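Notes follow once the structure below has been shown.
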Amino acid sequence: MYKRQVCICSLSITAQDLLLKAGETITVSAGEQLRVVNGLTVESTGILQILSNDTKSGSLIVEGSSTGDIIYKRYVGENKWLNISSPVTSQLVNNFVTNVDNDISTAGNPVHTYGVSYYKNTNIAGKRWTYHSPAGEAVNQEDLTQLNNGSLKNGQGYSMKRDDDGTFSFIGELATSDVSIDIDTQSGGHNWHSIGNPYPSYLPGNEAAVTTNNLLTLNEDNLDSSYFALYVWDGTQFITVNQSTSSFYLAPGQGFLIHSKDNDDTFTFNESYQSHQSGVDDFERTSNNQIPSILLSLSDGTTQNTTELKYIESATTGLDPGYDAGTYYSSIPDLTIDSHLVSDSQGIDFAIQCLPDNSYESTIVPLSVRASINSELSFSALVTDLPTSIDVYLEDTVKNTFTKISEEPYEVTAAEELNGLGRFFIHTSQNTMSTSDVAANLINIFKTSNEQLKIIGMEDQGDLNIIMYSVNGKELMRTFLSQGLEHNIALPSTLSTGVYIIKVKSNYGVQTKKIIIAVSYTHLRAHE
């Protein structure tokens with residue numbers, strides 16, 4: 001039988017209609033593109049395959065109908081777990097895991113399991129990935145319903161692993177309409193979900209990629225405002241993508257995590273958003289979009305974690321949905337560095353915090369740091385496009401020091417376990433910092449629950465006298481606190497919605513904070 005093989009070797013090819021007859025093969029190489037305007041038909045022994053490598057992917061877009069199977073080959077590195085989605089609609093799970101060319105990792109204890117798993121958010125932390133096992137061999141067969149006796153779900157994200165570097169072959173039909181996936185949370189679960197690109201082409205993730213027609217903007221109403229981002233695992237760590245980050249395109253087969261707003265939501269992938277991307281770049285296809293920023297790093301010599309501060313004209317010191325992004329933790333690691341909102345903190349750790357670009361001198365950012373006792377810690381800062389007169393200082397309230405970490409690392413040994421807020425703060429200033437410059441401004445007040453406030457201040461401020469007034473000057477609460485890194489204060493149970501004044505008296509003088517309380521959800525906001 002005559003067999004015709006075609007390789008798409010130019011940058012982009014467009015066909016009105018495409019018919020692959022029996023025995024014919026078309027290969028779309030990594031970085032190349034094929035668009036079919038009307039209909040695609042692949043007969044039973046015809047082959048249409050899209051390839052990828054370690055830096056780029058081929059891309060197929062069909063604007064009309066599609067009949068028959070395609071093959072998408074997703075490159076993965078050796079012995080590395082990645083979050084991957086199926087870019088076809090009908091890939092049978094058992095065919096996928098038993099395909100020797102896919103080289104799926106396996107384990108023998110306690111049962112025969114494969115390196116293909118879905119995210120079950122009702123499981124306890126550390127055990128949320130549920131692995132595929134052959135029917136009848138699973139410890140809890142009910143947990144494996146999504147993987148056994150069926151297909152990989154289009155739009156679902158799966159954690160997968162090969163023993164050696166190579167490709168996963170996805171074989172099945174092509175999605176030619178919008179794909180909506182349920183992101184509902186079962187009772188007892190949390191609101192994180194693993195989903196992924198359901199097409200063999202690229203999708204714009206954020207505004208920097210496409211201003212309006214991007215996945216974040218499309219799904220804004222169904223994502224938690226404090227976690228309004230895409231969380232992409234790069235094989236080592238989660239990369240947080242939101243409206244403040246560089247142009248970002250999801251590659252074919254790219255899975256990611258999201259945090260839903262409610263327990264009964266959907267996430268939609270719009271078929272019309274598909275695009276071709278080419279060139280040598282990260283597999284997710286990013287491009288540079290620098291804005292003034294500080295990338296803070298914390299290392300203990302073995303592990304390194306980061307958090308980022310960005311400075312944007314329209315940002316506030318409170319929550320800016322889509323621009324501030326809370327951190328994803330399946331379980332809390334031994335070493336972390338995050339920031340908390342400068343104003344109106346709700347006790348959430350942030351991977352990205354955006355701040356106004358006209359208040360460097362008055363903005364003090366609390367850091368949340370976790371580290372084991374006796375850890376040898378090194379703090380550093382990578383500064384991008386800040387005003388040339390602005391330096392970045394790390395304050396250590398225990399050592400009573402300020403270090404210009406925009407020029408040199410700050411190294412310290414943790415004499416005790418560090419477990420969050422209270423010790424470290426970031427200052428941006430054009431003047432040399434010292435303790436006396438800022439001592440009176442370091443009291444930070446924010447809500448930790450519906451019933452209490454947390455007050456963080458310098459350890460050497462002495463005893464604190466805390467008084468709460470109504471706007472009419474009526475005293476509502478008075479309490480005395482001994483010096484320390486942090487204190488929790490119970491709020492009066494009789495407060496109604498309104499504005500209240502908190503007066504803090506310490507060795508350094510008097511500081512006044514304005515608190516807004518909305519009883520319907522006990523929302524508090526602190527202002528200088």
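Here's how to read the names in the structure tokens: chain A, B, ... by the order shown, residue numbers from 1 in each chain, ligand numbers from 1 in the order shown.
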
Residues within 9 Å of Glu411 in chain A, only C-alpha atoms, excluding chain neighbours under 4 positions, as number ranges by chain: A: 376-380

Quick one: residues within 8 Å of Ile390 in chain A, only C-alpha atoms, excluding same-chain residues fewer than 2 positions away - as a PyMOL selection string? chain A and resi 360+386-388+392+428-430

Writing out the chosen residues with C-alpha atoms as a PDB file, in the first residue's frame:
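Written file, out_28.pdb:
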ATOM      1  CA  TYR A 360       7.894  53.318  49.030  1.00  0.00           C
ATOM      2  CA  LEU A 386      12.967  50.061  41.366  1.00  0.00           C
ATOM      3  CA  PRO A 387      13.775  53.778  41.430  1.00  0.00           C
ATOM      4  CA  THR A 388      17.560  54.128  41.638  1.00  0.00           C
ATOM      5  CA  VAL A 392      15.553  47.394  50.235  1.00  0.00           C
ATOM      6  CA  THR A 428      11.944  50.393  51.046  1.00  0.00           C
ATOM      7  CA  SER A 429      13.710  53.687  51.608  1.00  0.00           C
ATOM      8  CA  GLN A 430      16.149  56.145  50.066  1.00  0.00           C
TER       9      GLN A 430
END

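Of the listed residues (A:Ser260, A:Leu48, A:Thr130, A:Asp165), A:Ser260 comes nearest to Ile181 in chain A; the distances count only C-alpha atoms.
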
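Put simply, CA of Asn197 in chain A is 26.4 Å away from CA of Ile124 in chain A.
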
Identify, on the basis of only C-alpha atoms, every residue whose closest approach to range 326-338 of chain A does not exceed 6 Å; exclude the query and any residue fewer than 4 positions from it along the same chain; express the result as number ranges by chain. A: 125, 226-227, 305, 307, 349-351, 367-371

Could you write out the selected residues, including C-alpha atoms, as a PDB file, in the first residue's frame?
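And here's result_12.pdb as it stands now:
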ATOM      1  CA  ALA A 125      -2.743  16.985  53.362  1.00  0.00           C
ATOM      2  CA  SER A 226      -7.139  35.942  47.483  1.00  0.00           C
ATOM      3  CA  TYR A 227      -5.958  33.148  45.149  1.00  0.00           C
ATOM      4  CA  ASN A 305      11.903  29.549  48.725  1.00  0.00           C
ATOM      5  CA  THR A 307       8.082  35.529  47.572  1.00  0.00           C
ATOM      6  CA  ASP A 349       0.375  33.985  53.161  1.00  0.00           C
ATOM      7  CA  PHE A 350       0.985  35.649  49.777  1.00  0.00           C
ATOM      8  CA  ALA A 351       3.350  34.482  47.034  1.00  0.00           C
ATOM      9  CA  LEU A 367       6.977  38.704  56.269  1.00  0.00           C
ATOM     10  CA  SER A 368       5.788  35.268  57.305  1.00  0.00           C
ATOM     11  CA  VAL A 369       8.792  32.996  57.808  1.00  0.00           C
ATOM     12  CA  ARG A 370       8.865  29.348  58.862  1.00  0.00           C
ATOM     13  CA  ALA A 371      12.119  27.605  59.686  1.00  0.00           C
TER      14      ALA A 371
END

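Of the residues in range 183-221 of chain A, those given strand (DSSP E or B) by DSSP on the backbone are Trp192, His193, Ser194, Ile195, Gly196, Tyr202, Leu203 and Pro204 of chain A.
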
For the residues in the current selection, export N, CA and C atoms as a short mmCIF file (atom, residue, chain, number, x, y, z; two decimals), in the first residue's frame.
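Output file result.cif follows:
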data_model
loop_
_atom_site.label_atom_id
_atom_site.label_comp_id
_atom_site.auth_asym_id
_atom_site.auth_seq_id
_atom_site.Cartn_x
_atom_site.Cartn_y
_atom_site.Cartn_z
N TRP A 192 -8.88 23.65 46.50
CA TRP A 192 -7.86 23.55 45.46
C TRP A 192 -8.23 22.45 44.48
N HIS A 193 -7.93 22.67 43.20
CA HIS A 193 -8.28 21.71 42.16
C HIS A 193 -7.18 21.66 41.10
N SER A 194 -6.98 20.49 40.52
CA SER A 194 -5.99 20.32 39.45
C SER A 194 -6.73 20.19 38.13
N ILE A 195 -6.48 21.14 37.21
CA ILE A 195 -7.12 21.13 35.90
C ILE A 195 -6.04 21.40 34.85
N GLY A 196 -6.42 21.49 33.56
CA GLY A 196 -5.37 21.69 32.57
C GLY A 196 -5.91 21.98 31.18
N TYR A 202 -2.05 26.38 22.22
CA TYR A 202 -1.79 27.24 23.39
C TYR A 202 -3.03 28.04 23.77
N LEU A 203 -3.10 28.39 25.08
CA LEU A 203 -4.19 29.23 25.60
C LEU A 203 -3.58 30.38 26.41
N PRO A 204 -4.06 31.61 26.20
CA PRO A 204 -3.54 32.75 26.98
C PRO A 204 -4.00 32.67 28.42
#

Name the residues in contact with Phe425 in chain A at a cut-off of 8 Å, using only C-alpha atoms, excluding same-chain residues fewer than 2 positions from it; report them as a ChimeraX atom specification. /A:364-367,394-396,423,427

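By chain and then residue number, the residues within 7 Å of Ala414 in chain A are Ile373, Asn374, Ser375, Glu376 and Glu417 of chain A, counting only C-alpha atoms and disregarding those fewer than 3 positions away in sequence.
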
Save the residues we just selected, N, CA, C and O atoms, as a PDB file, in the first residue's frame?
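Below is the file selection_8.pdb, written as the result:
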ATOM      1  N   ILE A 373      14.364  25.109  64.168  1.00  0.00           N
ATOM      2  CA  ILE A 373      15.320  25.619  65.143  1.00  0.00           C
ATOM      3  C   ILE A 373      16.738  25.272  64.688  1.00  0.00           C
ATOM      4  O   ILE A 373      16.982  24.213  64.108  1.00  0.00           O
ATOM      5  N   ASN A 374      17.663  26.191  64.908  1.00  0.00           N
ATOM      6  CA  ASN A 374      19.074  26.070  64.548  1.00  0.00           C
ATOM      7  C   ASN A 374      19.329  26.123  63.039  1.00  0.00           C
ATOM      8  O   ASN A 374      20.460  25.865  62.604  1.00  0.00           O
ATOM      9  N   SER A 375      18.312  26.470  62.240  1.00  0.00           N
ATOM     10  CA  SER A 375      18.528  26.639  60.809  1.00  0.00           C
ATOM     11  C   SER A 375      19.442  27.831  60.559  1.00  0.00           C
ATOM     12  O   SER A 375      19.297  28.879  61.189  1.00  0.00           O
ATOM     13  N   GLU A 376      20.384  27.670  59.644  1.00  0.00           N
ATOM     14  CA  GLU A 376      21.246  28.773  59.235  1.00  0.00           C
ATOM     15  C   GLU A 376      20.608  29.423  58.011  1.00  0.00           C
ATOM     16  O   GLU A 376      20.645  28.883  56.908  1.00  0.00           O
ATOM     17  N   GLU A 417      12.366  27.836  66.811  1.00  0.00           N
ATOM     18  CA  GLU A 417      11.563  27.574  65.617  1.00  0.00           C
ATOM     19  C   GLU A 417      10.805  28.833  65.213  1.00  0.00           C
ATOM     20  O   GLU A 417      10.212  29.524  66.054  1.00  0.00           O
TER      21      GLU A 417
END

Report the closest atom pair, with its distance in Å rounded to one decimal, for each residue of range 149-207 of chain A that has an atom no farther than 8 Å from range 68-81 of chain A; count only C-alpha atoms, sort by chain and then rising residue number, and write it as a Markdown table.
| residue | atom | partner | partner_atom | distance |
| --- | --- | --- | --- | --- |
| A:Ser159 | CA | A:Trp81 | CA | 6.3 |
| A:Met160 | CA | A:Trp81 | CA | 5.5 |
| A:Lys161 | CA | A:Trp81 | CA | 4.7 |
| A:Arg162 | CA | A:Asn79 | CA | 5.6 |
| A:Asp163 | CA | A:Asn79 | CA | 4.9 |
| A:Asp164 | CA | A:Glu78 | CA | 4.2 |
| A:Asp165 | CA | A:Glu78 | CA | 3.9 |
| A:Gly166 | CA | A:Tyr75 | CA | 5.6 |
| A:Thr167 | CA | A:Tyr75 | CA | 4.2 |
| A:Phe168 | CA | A:Arg74 | CA | 5.1 |
| A:Ser169 | CA | A:Lys73 | CA | 4.5 |
| A:Phe170 | CA | A:Tyr72 | CA | 5.2 |
| A:Ile171 | CA | A:Ile71 | CA | 4.6 |
| A:Gly172 | CA | A:Asp69 | CA | 4.5 |
| A:Glu173 | CA | A:Asp69 | CA | 4.5 |
| A:Leu174 | CA | A:Ile70 | CA | 7.0 |
| A:Pro200 | CA | A:Tyr72 | CA | 7.0 |

Mind dumping the selected residues with N, CA, C and O atoms as a PDB file, in the first residue's frame?
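Writing done, so here's part_20.pdb:
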ATOM      1  N   SER A 159      -1.114  14.318  37.875  1.00  0.00           N
ATOM      2  CA  SER A 159       0.307  14.247  38.183  1.00  0.00           C
ATOM      3  C   SER A 159       0.851  12.967  37.572  1.00  0.00           C
ATOM      4  O   SER A 159       0.356  11.873  37.850  1.00  0.00           O
ATOM      5  N   MET A 160       1.883  13.104  36.715  1.00  0.00           N
ATOM      6  CA  MET A 160       2.406  11.963  35.962  1.00  0.00           C
ATOM      7  C   MET A 160       3.931  11.937  36.037  1.00  0.00           C
ATOM      8  O   MET A 160       4.575  12.972  36.208  1.00  0.00           O
ATOM      9  N   LYS A 161       4.478  10.719  35.827  1.00  0.00           N
ATOM     10  CA  LYS A 161       5.932  10.560  35.912  1.00  0.00           C
ATOM     11  C   LYS A 161       6.408   9.450  34.996  1.00  0.00           C
ATOM     12  O   LYS A 161       5.827   8.356  34.969  1.00  0.00           O
ATOM     13  N   ARG A 162       7.466   9.738  34.236  1.00  0.00           N
ATOM     14  CA  ARG A 162       8.194   8.745  33.442  1.00  0.00           C
ATOM     15  C   ARG A 162       9.460   8.326  34.191  1.00  0.00           C
ATOM     16  O   ARG A 162      10.010   9.084  34.978  1.00  0.00           O
ATOM     17  N   ASP A 163       9.941   7.107  33.884  1.00  0.00           N
ATOM     18  CA  ASP A 163      11.215   6.678  34.456  1.00  0.00           C
ATOM     19  C   ASP A 163      12.392   7.334  33.745  1.00  0.00           C
ATOM     20  O   ASP A 163      13.410   7.642  34.361  1.00  0.00           O
ATOM     21  N   ASP A 164      12.276   7.547  32.427  1.00  0.00           N
ATOM     22  CA  ASP A 164      13.329   8.189  31.645  1.00  0.00           C
ATOM     23  C   ASP A 164      12.721   9.344  30.865  1.00  0.00           C
ATOM     24  O   ASP A 164      11.503   9.403  30.652  1.00  0.00           O
ATOM     25  N   ASP A 165      13.579  10.272  30.410  1.00  0.00           N
ATOM     26  CA  ASP A 165      13.044  11.367  29.620  1.00  0.00           C
ATOM     27  C   ASP A 165      12.516  10.835  28.294  1.00  0.00           C
ATOM     28  O   ASP A 165      12.994   9.847  27.759  1.00  0.00           O
ATOM     29  N   GLY A 166      11.493  11.498  27.784  1.00  0.00           N
ATOM     30  CA  GLY A 166      10.822  11.055  26.565  1.00  0.00           C
ATOM     31  C   GLY A 166       9.472  11.719  26.450  1.00  0.00           C
ATOM     32  O   GLY A 166       9.274  12.832  26.938  1.00  0.00           O
ATOM     33  N   THR A 167       8.519  11.050  25.797  1.00  0.00           N
ATOM     34  CA  THR A 167       7.204  11.650  25.584  1.00  0.00           C
ATOM     35  C   THR A 167       6.086  10.742  26.071  1.00  0.00           C
ATOM     36  O   THR A 167       6.212   9.510  26.077  1.00  0.00           O
ATOM     37  N   PHE A 168       5.002  11.374  26.521  1.00  0.00           N
ATOM     38  CA  PHE A 168       3.733  10.707  26.736  1.00  0.00           C
ATOM     39  C   PHE A 168       2.912  10.846  25.452  1.00  0.00           C
ATOM     40  O   PHE A 168       2.776  11.961  24.926  1.00  0.00           O
ATOM     41  N   SER A 169       2.357   9.764  24.953  1.00  0.00           N
ATOM     42  CA  SER A 169       1.504   9.810  23.769  1.00  0.00           C
ATOM     43  C   SER A 169       0.041   9.787  24.177  1.00  0.00           C
ATOM     44  O   SER A 169      -0.420   8.829  24.810  1.00  0.00           O
ATOM     45  N   PHE A 170      -0.682  10.854  23.847  1.00  0.00           N
ATOM     46  CA  PHE A 170      -2.121  10.933  24.073  1.00  0.00           C
ATOM     47  C   PHE A 170      -2.812  10.679  22.739  1.00  0.00           C
ATOM     48  O   PHE A 170      -2.541  11.378  21.755  1.00  0.00           O
ATOM     49  N   ILE A 171      -3.692   9.689  22.702  1.00  0.00           N
ATOM     50  CA  ILE A 171      -4.354   9.284  21.465  1.00  0.00           C
ATOM     51  C   ILE A 171      -5.863   9.370  21.673  1.00  0.00           C
ATOM     52  O   ILE A 171      -6.409   8.738  22.588  1.00  0.00           O
ATOM     53  N   GLY A 172      -6.529  10.165  20.864  1.00  0.00           N
ATOM     54  CA  GLY A 172      -7.979  10.283  21.001  1.00  0.00           C
ATOM     55  C   GLY A 172      -8.531  11.386  20.123  1.00  0.00           C
ATOM     56  O   GLY A 172      -7.811  11.994  19.321  1.00  0.00           O
ATOM     57  N   GLU A 173      -9.799  11.660  20.295  1.00  0.00           N
ATOM     58  CA  GLU A 173     -10.460  12.680  19.493  1.00  0.00           C
ATOM     59  C   GLU A 173     -10.123  14.075  20.008  1.00  0.00           C
ATOM     60  O   GLU A 173      -9.627  14.262  21.121  1.00  0.00           O
ATOM     61  N   LEU A 174     -10.426  15.061  19.179  1.00  0.00           N
ATOM     62  CA  LEU A 174     -10.068  16.449  19.447  1.00  0.00           C
ATOM     63  C   LEU A 174     -11.280  17.220  19.950  1.00  0.00           C
ATOM     64  O   LEU A 174     -12.364  17.120  19.385  1.00  0.00           O
ATOM     65  N   PRO A 200      -4.761  20.757  21.880  1.00  0.00           N
ATOM     66  CA  PRO A 200      -3.384  20.598  21.400  1.00  0.00           C
ATOM     67  C   PRO A 200      -2.824  21.900  20.832  1.00  0.00           C
ATOM     68  O   PRO A 200      -2.161  21.918  19.791  1.00  0.00           O
TER      69      PRO A 200
END

Tell me, as number ranges by chain, which residues lie within 6 Å of Ile84 in chain A, counting only C-alpha atoms; anything in the same chain fewer than 6 positions away does not count. A: 157-158, 253-255

Can you pull out every residue from range 21-233 of chain A that DSSP, working from the backbone, puts in helix (DSSP H, G or I), and format the result as a PyMOL selection string? chain A and resi 93-98+100-102+141-144+215-218+220-222+225-227

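Closest approach to Ser406 in chain A from the set A:Ile467, A:Leu295, A:Ser372, A:Ser59 is made by A:Leu295, with distances taken over only C-alpha atoms.
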
Would you pick out the contacts of Lys56 in chain A at 6 Å or less, using only C-alpha atoms, so that residues sharing its chain but fewer than 3 positions from it are not included, and give the list as a ChimeraX atom specification? /A:30-31,52-53,283

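We find CA of Leu19 in chain A and CA of Ala175 in chain A to be spaced 17.5 Å apart.
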
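In this structure, CA of Tyr114 in chain A sits 21.3 Å away from CA of Leu257 in chain A.
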
Nearest residue to Asp265 in chain A out of A:Gln277, A:Thr240, A:Asn214, A:Asn191, using only C-alpha atoms? A:Asn191
